[in-house]
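> Structure: target.txt, compact mmCIF, C-alpha atoms and all ligand atoms.
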```
# COMPACT_ATOMS: atom_id res chain seq x y z
CA MET M 1 -59.88 50.99 40.24
CA PRO M 2 -61.61 53.10 42.94
CA LYS M 3 -59.80 52.72 46.26
CA ALA M 4 -62.82 51.21 48.05
CA LEU M 5 -62.96 48.35 45.53
CA MET M 6 -59.25 47.54 45.59
CA PRO M 7 -58.57 44.08 47.08
CA GLY M 8 -56.62 44.04 50.39
CA PRO M 9 -53.09 42.63 50.47
CA ASP M 10 -53.14 38.85 49.86
CA ILE M 11 -51.53 37.33 52.94
CA GLU M 12 -53.30 33.97 52.77
CA SER M 13 -51.08 32.28 50.19
CA ASP M 14 -47.32 31.84 49.94
CA ALA M 15 -47.43 33.39 46.46
CA GLY M 16 -49.29 36.44 47.78
CA LEU M 17 -46.84 36.87 50.65
CA LEU M 18 -43.79 36.46 48.42
CA ASP M 19 -45.23 39.01 46.05
CA LEU M 20 -45.58 41.53 48.88
CA ILE M 21 -42.13 40.73 50.27
CA THR M 22 -40.54 41.47 46.90
CA THR M 23 -42.76 44.23 45.50
CA LYS M 24 -41.06 47.29 44.06
CA ASP M 25 -44.38 49.06 43.44
CA PRO M 26 -44.62 52.09 45.79
CA GLN M 27 -48.44 52.11 45.55
CA ARG M 28 -48.77 48.50 46.66
CA GLU M 29 -46.25 49.15 49.39
CA GLU M 30 -48.22 52.15 50.65
CA ALA M 31 -51.46 50.12 50.52
CA LEU M 32 -49.73 47.44 52.62
CA PHE M 33 -48.56 50.01 55.19
CA ALA M 34 -52.03 51.61 55.30
CA GLU M 35 -53.66 48.24 55.96
CA ALA M 36 -51.08 47.47 58.68
CA ARG M 37 -51.81 50.86 60.31
CA ARG M 38 -55.52 50.15 60.17
CA ARG M 39 -55.11 46.76 61.87
CA ARG M 40 -52.79 48.25 64.47
CA ALA M 41 -55.27 51.06 65.22
CA GLU M 42 -58.11 48.52 65.63
CA HIS M 43 -56.18 46.95 68.51
CA TYR M 44 -54.12 49.79 69.93
CA GLY M 45 -55.51 53.12 68.68
CA SER M 46 -52.69 55.62 68.24
CA GLY M 47 -50.81 54.57 71.40
CA VAL M 48 -47.16 53.55 71.37
CA TYR M 49 -45.84 51.64 74.39
CA PHE M 50 -42.54 52.64 75.95
CA ARG M 51 -40.16 50.01 77.36
CA GLY M 52 -36.98 50.92 79.23
CA LEU M 53 -34.02 48.92 77.89
CA ILE M 54 -31.16 47.99 80.22
CA GLU M 55 -28.19 46.44 78.41
CA PHE M 56 -26.47 44.94 81.44
CA SER M 57 -23.62 42.86 79.97
CA ASN M 58 -21.89 42.61 76.62
CA TYR M 59 -20.00 39.40 77.43
CA CYS M 60 -21.20 36.55 75.23
CA ARG M 61 -20.28 32.87 74.94
CA ASN M 62 -21.71 32.73 71.40
CA ASP M 63 -19.97 33.57 68.16
CA CYS M 64 -22.77 34.66 65.80
CA TYR M 65 -21.10 35.89 62.61
CA TYR M 66 -23.11 39.12 62.48
CA CYS M 67 -22.90 40.34 66.07
CA GLY M 68 -20.44 42.92 67.42
CA ILE M 69 -20.41 41.41 70.93
CA ARG M 70 -19.63 37.87 69.69
CA ARG M 71 -17.07 35.98 71.76
CA GLY M 72 -14.48 36.13 68.97
CA ASN M 73 -14.44 39.91 68.78
CA ALA M 74 -11.26 40.70 70.70
CA ARG M 75 -11.78 44.41 70.02
CA ALA M 76 -15.02 44.59 71.99
CA GLU M 77 -14.42 46.29 75.34
CA ARG M 78 -16.39 44.18 77.80
CA TYR M 79 -18.54 45.32 80.74
CA ARG M 80 -21.18 43.99 83.06
CA LEU M 81 -23.41 45.83 85.53
CA ASP M 82 -23.87 44.56 89.07
CA THR M 83 -27.22 44.26 90.85
CA ASP M 84 -27.00 47.77 92.31
CA ALA M 85 -26.25 49.34 88.94
CA ILE M 86 -29.14 47.44 87.33
CA LEU M 87 -31.46 48.52 90.16
CA ASN M 88 -30.37 52.12 89.70
CA CYS M 89 -31.34 51.91 86.01
CA CYS M 90 -34.76 50.60 87.08
CA ARG M 91 -35.13 53.44 89.60
CA MET M 92 -34.31 56.01 86.94
CA GLY M 93 -36.77 54.27 84.60
CA ASP M 94 -39.47 54.34 87.24
CA LEU M 95 -38.91 58.07 87.84
CA LEU M 96 -39.29 58.62 84.11
CA GLY M 97 -42.58 56.72 84.13
CA TYR M 98 -41.59 53.37 82.61
CA LYS M 99 -43.70 50.38 83.66
CA THR M 100 -41.61 47.80 81.77
CA PHE M 101 -37.92 47.06 82.25
CA VAL M 102 -36.20 45.05 79.53
CA LEU M 103 -33.00 43.38 80.76
CA GLN M 104 -30.84 42.41 77.81
CA SER M 105 -27.33 40.95 77.60
CA GLY M 106 -25.10 38.62 75.67
CA GLU M 107 -25.09 35.03 76.91
CA ASP M 108 -22.84 35.84 79.85
CA PRO M 109 -22.04 32.77 82.03
CA TRP M 110 -21.14 35.06 84.98
CA PHE M 111 -24.88 35.65 85.36
CA THR M 112 -25.68 32.22 86.71
CA ASP M 113 -29.29 31.28 87.40
CA GLU M 114 -28.71 32.12 91.06
CA ARG M 115 -27.47 35.61 90.21
CA MET M 116 -30.36 36.19 87.80
CA VAL M 117 -32.88 35.07 90.41
CA GLU M 118 -31.27 37.43 92.94
CA ILE M 119 -31.49 40.34 90.47
CA LEU M 120 -35.09 39.52 89.55
CA GLY M 121 -36.00 39.26 93.25
CA ALA M 122 -34.43 42.64 94.01
CA ILE M 123 -36.31 44.32 91.14
CA ARG M 124 -39.58 42.61 92.10
CA ARG M 125 -39.34 43.69 95.73
CA GLU M 126 -38.93 47.30 94.77
CA PHE M 127 -41.23 47.31 91.73
CA PRO M 128 -43.98 44.73 92.36
CA ASP M 129 -46.24 46.02 89.57
CA HIS M 130 -43.76 46.57 86.76
CA ALA M 131 -43.33 44.15 83.90
CA ILE M 132 -39.89 42.56 83.71
CA THR M 133 -38.73 41.36 80.32
CA LEU M 134 -35.64 39.20 79.92
CA SER M 135 -33.57 38.93 76.75
CA ILE M 136 -30.57 36.86 77.77
CA GLY M 137 -30.55 34.09 75.20
CA GLU M 138 -30.94 30.32 75.19
CA LYS M 139 -31.33 28.58 78.57
CA SER M 140 -32.69 25.27 79.79
CA ARG M 141 -36.39 24.95 80.46
CA GLU M 142 -35.59 24.70 84.18
CA SER M 143 -33.74 28.02 84.10
CA TYR M 144 -36.63 29.71 82.30
CA GLU M 145 -38.99 28.30 84.96
CA ARG M 146 -36.80 29.65 87.76
CA PHE M 147 -36.70 33.12 86.21
CA PHE M 148 -40.47 33.04 85.75
CA ARG M 149 -41.02 32.11 89.39
CA ALA M 150 -38.61 34.89 90.41
CA GLY M 151 -40.79 37.47 88.68
CA ALA M 152 -39.90 37.69 84.98
CA ASN M 153 -43.05 38.09 82.85
CA ARG M 154 -41.79 38.37 79.29
CA TYR M 155 -38.92 36.99 77.23
CA LEU M 156 -37.45 38.23 73.96
CA LEU M 157 -35.54 35.69 71.90
CA ARG M 158 -35.38 36.42 68.20
CA HIS M 159 -35.24 33.25 66.14
CA GLU M 160 -33.03 35.29 63.72
CA THR M 161 -34.06 33.25 60.65
CA ALA M 162 -36.48 30.34 60.43
CA ASP M 163 -34.64 28.65 57.57
CA GLU M 164 -32.23 25.83 58.57
CA ALA M 165 -29.60 26.43 55.89
CA HIS M 166 -29.70 30.17 56.37
CA TYR M 167 -29.39 29.76 60.14
CA ARG M 168 -26.25 27.66 59.60
CA ALA M 169 -24.81 30.39 57.36
CA LEU M 170 -25.20 32.95 60.16
CA HIS M 171 -24.03 30.87 63.12
CA PRO M 172 -21.24 28.45 64.05
CA ALA M 173 -22.04 24.73 64.07
CA SER M 174 -22.38 24.77 67.86
CA MET M 175 -25.67 26.67 67.52
CA SER M 176 -28.91 25.20 66.27
CA LEU M 177 -32.18 26.60 64.98
CA ALA M 178 -34.08 23.62 66.39
CA GLU M 179 -32.84 24.46 69.89
CA ARG M 180 -33.66 28.12 69.53
CA LYS M 181 -37.19 27.30 68.36
CA GLN M 182 -37.57 24.82 71.23
CA CYS M 183 -36.60 27.58 73.69
CA LEU M 184 -39.39 29.75 72.28
CA PHE M 185 -41.98 26.98 72.62
CA ASN M 186 -40.76 26.25 76.17
CA LEU M 187 -41.04 29.91 77.14
CA LYS M 188 -44.57 30.08 75.79
CA GLU M 189 -45.62 26.93 77.62
CA ILE M 190 -44.23 28.23 80.90
CA GLY M 191 -46.46 31.28 80.57
CA TYR M 192 -44.15 34.07 79.45
CA GLN M 193 -45.30 36.66 76.96
CA VAL M 194 -42.86 35.69 74.25
CA GLY M 195 -41.09 37.72 71.60
CA ALA M 196 -39.59 36.09 68.51
CA GLY M 197 -38.10 38.00 65.58
CA PHE M 198 -35.56 38.17 62.83
CA MET M 199 -33.12 40.41 60.99
CA VAL M 200 -33.79 41.60 57.47
CA GLY M 201 -30.99 41.67 54.91
CA THR M 202 -28.52 39.35 56.61
CA PRO M 203 -25.95 37.89 54.18
CA PHE M 204 -27.35 35.11 51.93
CA GLN M 205 -30.98 35.83 52.90
CA THR M 206 -33.56 35.18 50.16
CA PRO M 207 -37.23 36.26 49.93
CA GLU M 208 -38.11 32.60 50.55
CA ASN M 209 -36.23 32.77 53.86
CA LEU M 210 -38.37 35.75 54.87
CA LEU M 211 -41.49 33.83 53.87
CA GLU M 212 -40.29 31.06 56.18
CA ASP M 213 -40.01 33.63 58.98
CA LEU M 214 -43.65 34.59 58.48
CA ARG M 215 -44.69 30.94 58.41
CA PHE M 216 -42.83 30.35 61.67
CA LEU M 217 -44.57 33.35 63.27
CA ARG M 218 -47.89 31.81 62.23
CA GLU M 219 -46.90 28.56 63.89
CA LEU M 220 -45.47 30.01 67.12
CA ARG M 221 -47.93 32.90 67.50
CA PRO M 222 -45.66 34.98 69.70
CA HIS M 223 -46.98 37.97 71.64
CA MET M 224 -44.15 40.21 70.42
CA VAL M 225 -42.03 40.31 67.27
CA GLY M 226 -38.73 42.19 66.93
CA ILE M 227 -37.74 42.95 63.33
CA GLY M 228 -34.72 45.01 62.42
CA PRO M 229 -32.36 45.41 59.49
CA PHE M 230 -29.01 43.66 59.63
CA ILE M 231 -26.28 46.30 60.06
CA PRO M 232 -22.63 45.34 59.63
CA GLN M 233 -20.18 45.62 62.51
CA LYS M 234 -16.65 46.10 61.23
CA ASP M 235 -14.93 43.60 63.54
CA THR M 236 -17.17 40.64 62.65
CA PRO M 237 -16.98 38.13 59.77
CA PHE M 238 -19.94 39.96 58.16
CA GLY M 239 -18.36 43.40 58.56
CA GLY M 240 -18.02 43.84 54.78
CA TYR M 241 -21.64 43.06 53.84
CA PRO M 242 -24.20 45.76 53.05
CA PRO M 243 -26.96 46.61 55.55
CA GLY M 244 -30.53 45.41 55.10
CA SER M 245 -32.94 47.65 53.23
CA LEU M 246 -35.24 50.05 55.07
CA GLU M 247 -38.17 49.41 52.71
CA LEU M 248 -37.92 45.63 52.92
CA THR M 249 -37.73 45.82 56.73
CA LEU M 250 -40.84 48.02 56.77
CA ARG M 251 -42.70 45.59 54.51
CA MET M 252 -41.81 42.75 56.90
CA VAL M 253 -43.09 44.81 59.86
CA ALA M 254 -46.35 45.45 57.99
CA LEU M 255 -46.79 41.81 56.95
CA THR M 256 -46.17 40.72 60.53
CA ARG M 257 -48.87 43.13 61.71
CA LEU M 258 -51.33 41.60 59.22
CA ILE M 259 -50.46 38.05 60.23
CA LEU M 260 -50.51 38.79 63.99
CA PRO M 261 -52.78 41.84 64.29
CA GLY M 262 -52.59 41.97 68.09
CA ALA M 263 -48.80 41.59 68.35
CA LEU M 264 -46.52 44.02 70.13
CA ILE M 265 -44.00 45.08 67.49
CA PRO M 266 -41.14 47.47 68.30
CA ALA M 267 -39.88 50.14 65.96
CA THR M 268 -36.29 49.05 66.53
CA THR M 269 -33.12 51.02 67.20
CA ALA M 270 -31.61 49.32 64.14
CA LEU M 271 -34.36 50.88 61.97
CA GLY M 272 -33.47 54.27 63.43
CA THR M 273 -29.81 53.60 62.72
CA ILE M 274 -30.19 52.93 58.98
CA SER M 275 -32.48 55.92 58.45
CA PRO M 276 -32.95 59.15 60.46
CA ARG M 277 -36.75 58.63 60.59
CA GLY M 278 -36.57 54.83 60.47
CA ARG M 279 -38.35 54.23 63.78
CA GLU M 280 -41.15 56.63 62.89
CA ARG M 281 -41.55 54.87 59.57
CA GLY M 282 -41.67 51.60 61.48
CA LEU M 283 -44.66 52.97 63.41
CA MET M 284 -46.25 54.03 60.11
CA ALA M 285 -45.79 50.44 58.89
CA GLY M 286 -47.63 48.93 61.87
CA ALA M 287 -45.18 48.88 64.82
CA ASN M 288 -46.48 50.00 68.23
CA VAL M 289 -43.61 49.82 70.75
CA VAL M 290 -40.39 51.77 71.30
CA MET M 291 -37.55 50.83 73.63
CA PRO M 292 -35.55 53.88 74.73
CA ASN M 293 -32.30 53.15 76.50
CA LEU M 294 -31.98 53.18 80.30
CA SER M 295 -28.41 51.84 80.41
CA PRO M 296 -25.81 54.08 82.11
CA LYS M 297 -24.35 56.49 79.58
CA ALA M 298 -20.82 55.26 80.34
CA VAL M 299 -21.49 51.79 78.87
CA ARG M 300 -23.91 52.61 76.05
CA LYS M 301 -21.28 52.72 73.32
CA LEU M 302 -19.89 49.35 74.45
CA TYR M 303 -23.11 47.47 73.68
CA SER M 304 -22.10 47.72 70.07
CA LEU M 305 -23.99 45.03 68.15
CA TYR M 306 -23.46 46.94 64.89
CA ASP M 307 -21.70 50.12 63.72
CA ASN M 308 -23.07 53.64 64.23
CA LYS M 309 -25.80 52.60 66.68
CA ILE M 310 -27.94 55.62 67.59
CA CYS M 311 -28.83 56.95 71.08
CA THR M 312 -25.50 56.00 72.65
CA GLY M 313 -24.74 59.53 73.89
CA ASP M 314 -27.99 60.53 75.57
CA GLU M 315 -29.08 60.37 79.18
CA ALA M 316 -32.16 58.22 79.85
CA ALA M 317 -34.34 61.32 80.31
CA GLU M 318 -33.18 62.79 76.99
CA CYS M 319 -33.91 59.48 75.23
CA ARG M 320 -37.45 59.44 76.55
CA LEU M 321 -38.16 63.07 75.68
CA CYS M 322 -36.66 62.71 72.21
CA MET M 323 -38.77 59.62 71.47
CA GLU M 324 -41.92 61.33 72.76
CA GLY M 325 -41.44 64.28 70.44
CA ARG M 326 -40.73 62.07 67.45
CA ILE M 327 -43.80 59.96 68.06
CA ARG M 328 -46.13 62.94 68.43
CA ASP M 329 -44.75 64.47 65.21
CA PHE M 330 -46.11 61.42 63.39
CA GLY M 331 -49.56 61.54 65.04
CA PHE M 332 -48.97 58.83 67.67
CA GLU M 333 -49.47 59.05 71.45
CA PRO M 334 -46.81 57.84 73.91
CA ASP M 335 -48.34 55.28 76.29
CA MET M 336 -46.42 54.56 79.49
CA ALA M 337 -48.73 51.74 80.64
CA ARG M 338 -47.33 48.22 81.11
CA GLY M 339 -48.77 47.29 77.74
CA ASP M 340 -49.22 43.56 78.22
CA ALA M 341 -50.07 41.41 75.23
CA ILE M 342 -53.78 41.59 74.55
CA ASP M 343 -55.93 38.52 75.10
CA GLY M 344 -57.55 36.71 72.24
CA ASN M 345 -54.82 37.78 69.85
CA GLU M 346 -56.87 37.40 66.70
CA GLN M 347 -54.78 35.81 63.99
CA SER M 348 -55.21 34.67 60.44
CA PRO M 349 -55.38 30.91 59.91
CA CYS M 350 -52.21 28.83 59.88
CA LEU M 351 -50.86 27.93 56.45
CA CYS M 352 -48.65 25.10 57.64
N1 LIG U 401 -28.19 37.27 73.83
C1 LIG U 401 -29.57 37.55 73.63
C2 LIG U 401 -30.12 36.71 72.50
O1 LIG U 401 -29.40 35.94 71.92
O2 LIG U 401 -31.31 36.83 72.22
C3 LIG U 401 -29.86 39.03 73.44
C4 LIG U 401 -28.79 39.89 72.88
S1 LIG U 401 -28.63 39.78 71.13
C5 LIG U 401 -27.20 40.74 70.85
C6 LIG U 401 -29.97 40.84 70.59
C7 LIG U 401 -30.27 40.88 69.10
O3 LIG U 401 -29.36 41.75 68.43
C8 LIG U 401 -30.14 39.60 68.33
O4 LIG U 401 -31.30 38.82 68.51
C9 LIG U 401 -29.94 40.07 66.89
O5 LIG U 401 -31.13 39.97 66.13
C10 LIG U 401 -29.54 41.55 67.06
N2 LIG U 401 -28.28 41.83 66.36
C11 LIG U 401 -27.07 41.33 66.62
N3 LIG U 401 -26.16 41.75 65.72
C12 LIG U 401 -26.82 42.53 64.86
C13 LIG U 401 -26.44 43.24 63.68
N4 LIG U 401 -25.19 43.22 63.21
N5 LIG U 401 -27.39 43.95 63.02
C14 LIG U 401 -28.65 44.00 63.50
N6 LIG U 401 -29.08 43.34 64.59
C15 LIG U 401 -28.16 42.61 65.26
```
Would you write the structure of this file as structure tokens?
Ligand code: SAM

Amino acid sequence: MPKALMPGPDIESDAGLLDLITTKDPQREEALFAEARRRRAEHYGSGVYFRGLIEFSNYCRNDCYYCGIRRGNARAERYRLDTDAILNCCRMGDLLGYKTFVLQSGEDPWFTDERMVEILGAIRREFPDHAITLSIGEKSRESYERFFRAGANRYLLRHETADEAHYRALHPASMSLAERKQCLFNLKEIGYQVGAGFMVGTPFQTPENLLEDLRFLRELRPHMVGIGPFIPQKDTPFGGYPPGSLELTLRMVALTRLILPGALIPATTALGTISPRGRERGLMAGANVVMPNLSPKAVRKLYSLYDNKICTGDEAAECRLCMEGRIRDFGFEPDMARGDAIDGNEQSPCLC
């Protein structure tokens, strides 16, 4: 069939989505990526937003079976940065041109609401126009409101998997998918730009689980979606399982772009870890954000969510330069603007 007459990817039915999730046909896959690139370009041209990532604590009260910084991992060497060290990361980020700081950590009880508000206040005073993104896990609605009032604009909280049974297979009984979803709805209501997301290839995951992830994205309509392959970490209960597939992760990135055309979708570090050009391929499948590391070099290796994580040996400036070169090689333009979620995020109709 001539290319112009070929039907676009069918994302309107569950059967169509499942078919695209599971396809082994390289031509259909390429058509899916091309359509995702086209939708991305409609909204964002060839620009790729840069966010500076500050991993400020690897203490965590949770025990997720997949995660290298889980509470039960006695081999993890723990660290936390104080307010001055976090501010210094922001200063370095600002010098390098970043307009968004992403503060990520495990769920570390040492960072009480009061301490978080103090840190947010200090960053806000010095950088009134920057975007501040938090990624510090599940909190009460009141806590989220306090952080918002103290200057946080965005919040990343991957739902991890939208399927109940699968969620229970990845987490201890003390954790609940319903609560995690509720956090996301609370964050959205408060006014944050919200990022959900999931891992691809976690143990026991089925194509139907991934379909459920897409259905949940349609329901929540987040501004950002983080999608990365599961990668085993040797000191966790899932240390012996294989990593998620690059191709399947890319298909999920592309499908997410088609479902939420205006979303901000990072080409994740995990993608770059399972394949040397994984992040670039993420951009070619519809992603439009990268998050180079601003954490002090001394602690980079300790934020070890999974084995062989890339970019743990570079200075912040090297990370930025390296990413810029990689992006340009693939025909994209680094964009250092704040890159807020666009208004009127046009989305396909809900299937629920
Ligand atoms: N504590 C915060 C939270 O719960 O959202 C942020 C930190 S958490 C470690 C950040 C993300 O790392 C998780 O949402 C999860 O998707 C990802 N992650 C953890 N272990 C991973 C693994 N083994 N492979 C790939 N991604 C992983």
> If you count all atoms listed in the file, which residues end up within 6 Å of ligand LIG 401 (chain U), as a PyMOL selection string?
chain M and resi 66-67+104-107+135-137+157-158+160+198-199+229-233+305-306
> Please list as a ChimeraX atom specification every residue within 10 Å of segment 315-327 of chain M, counting all atoms listed in the file and excluding residues in the same chain fewer than 3 positions away.
/M:46-48,50-53,89,92-93,95-98,277,279-280,283,290-298,300,311-312,330-335
> Could you work out how far atom CA of Tyr192 of chain M lies from atom CA of Arg154 of chain M, giving the answer in Å with one decimal?
4.9 Å
> Of the residues M:Tyr144, M:Leu134, M:Tyr49, M:Arg61, which is the one nearest to Pro109 of chain M, using all atoms listed in the file?
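Distance minimum relative to Pro109 of chain M lands on M:Arg61.
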> Rank nothing, just name the residue among M:Ala152, M:Ile123, M:Cys60, M:Ala76 nearest to Asn88 of chain M, using all atoms listed in the file.
M:Ile123
> Just give me the gap between atom CA of Pro276 of chain M and atom CA of Glu212 of chain M in Å, one decimal is fine.
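Answer for the atom CA of Pro276 of chain M to atom CA of Glu212 of chain M separation: 29.3 Å.
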> Quick one: of M:Arg221, M:His43, M:Arg37, M:Lys309, who's nearest to Ile259 of chain M, counting all atoms listed in the file?
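Under the stated criterion, the closest residue is M:Arg221.
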> Figure out the distance between atom CA of Leu177 of chain M and atom CA of Leu255 of chain M, please, to one decimal in Å.
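Those two atoms sit 22.6 Å apart.
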> Could you list, as a list of chain:residue names, every residue within 9 Å of Thr236 of chain M, counting only C-alpha atoms and ignoring same-chain residues fewer than 6 positions away?
M:Cys64, M:Tyr65, M:Tyr66, M:Cys67, M:Gly68, M:Ile69, M:Arg70, M:Gly72, M:Asn73
> Write the residues of the selection above to a file with C-alpha atoms, as a PDB file, in the coordinates of the input.

```pdb
ATOM      1  CA  CYS M  64     -22.770  34.660  65.800  1.00  0.00           C
ATOM      2  CA  TYR M  65     -21.100  35.890  62.610  1.00  0.00           C
ATOM      3  CA  TYR M  66     -23.110  39.120  62.480  1.00  0.00           C
ATOM      4  CA  CYS M  67     -22.900  40.340  66.070  1.00  0.00           C
ATOM      5  CA  GLY M  68     -20.440  42.920  67.420  1.00  0.00           C
ATOM      6  CA  ILE M  69     -20.410  41.410  70.930  1.00  0.00           C
ATOM      7  CA  ARG M  70     -19.630  37.870  69.690  1.00  0.00           C
ATOM      8  CA  GLY M  72     -14.480  36.130  68.970  1.00  0.00           C
ATOM      9  CA  ASN M  73     -14.440  39.910  68.780  1.00  0.00           C
TER      10      ASN M  73
END
```
> Write out as a list in words each polymer residue whose atoms come within 8 Å of segment 204-210 of chain M, counting all atoms listed in the file; drop sequence neighbours fewer than 4 positions from it.
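Those residues are Leu18, Ile21, Thr22, Thr161, Ala162, Asp163, His166, Ala169, Val200 and Leu214 of chain M.
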> Do a neighbour search on segment 126-130 of chain M at 6 Å with all atoms listed in the file, toss out local chain neighbours closer than 2 positions, and write the hits as a list in words.
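Those residues are Lys99, Thr100, Ile123 and Arg124 of chain M.
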> Using all atoms listed in the file, which of the listed residues (M:Lys234, M:Lys301, M:Arg338, M:Arg180) sits closest to Val289 of chain M?
M:Arg338
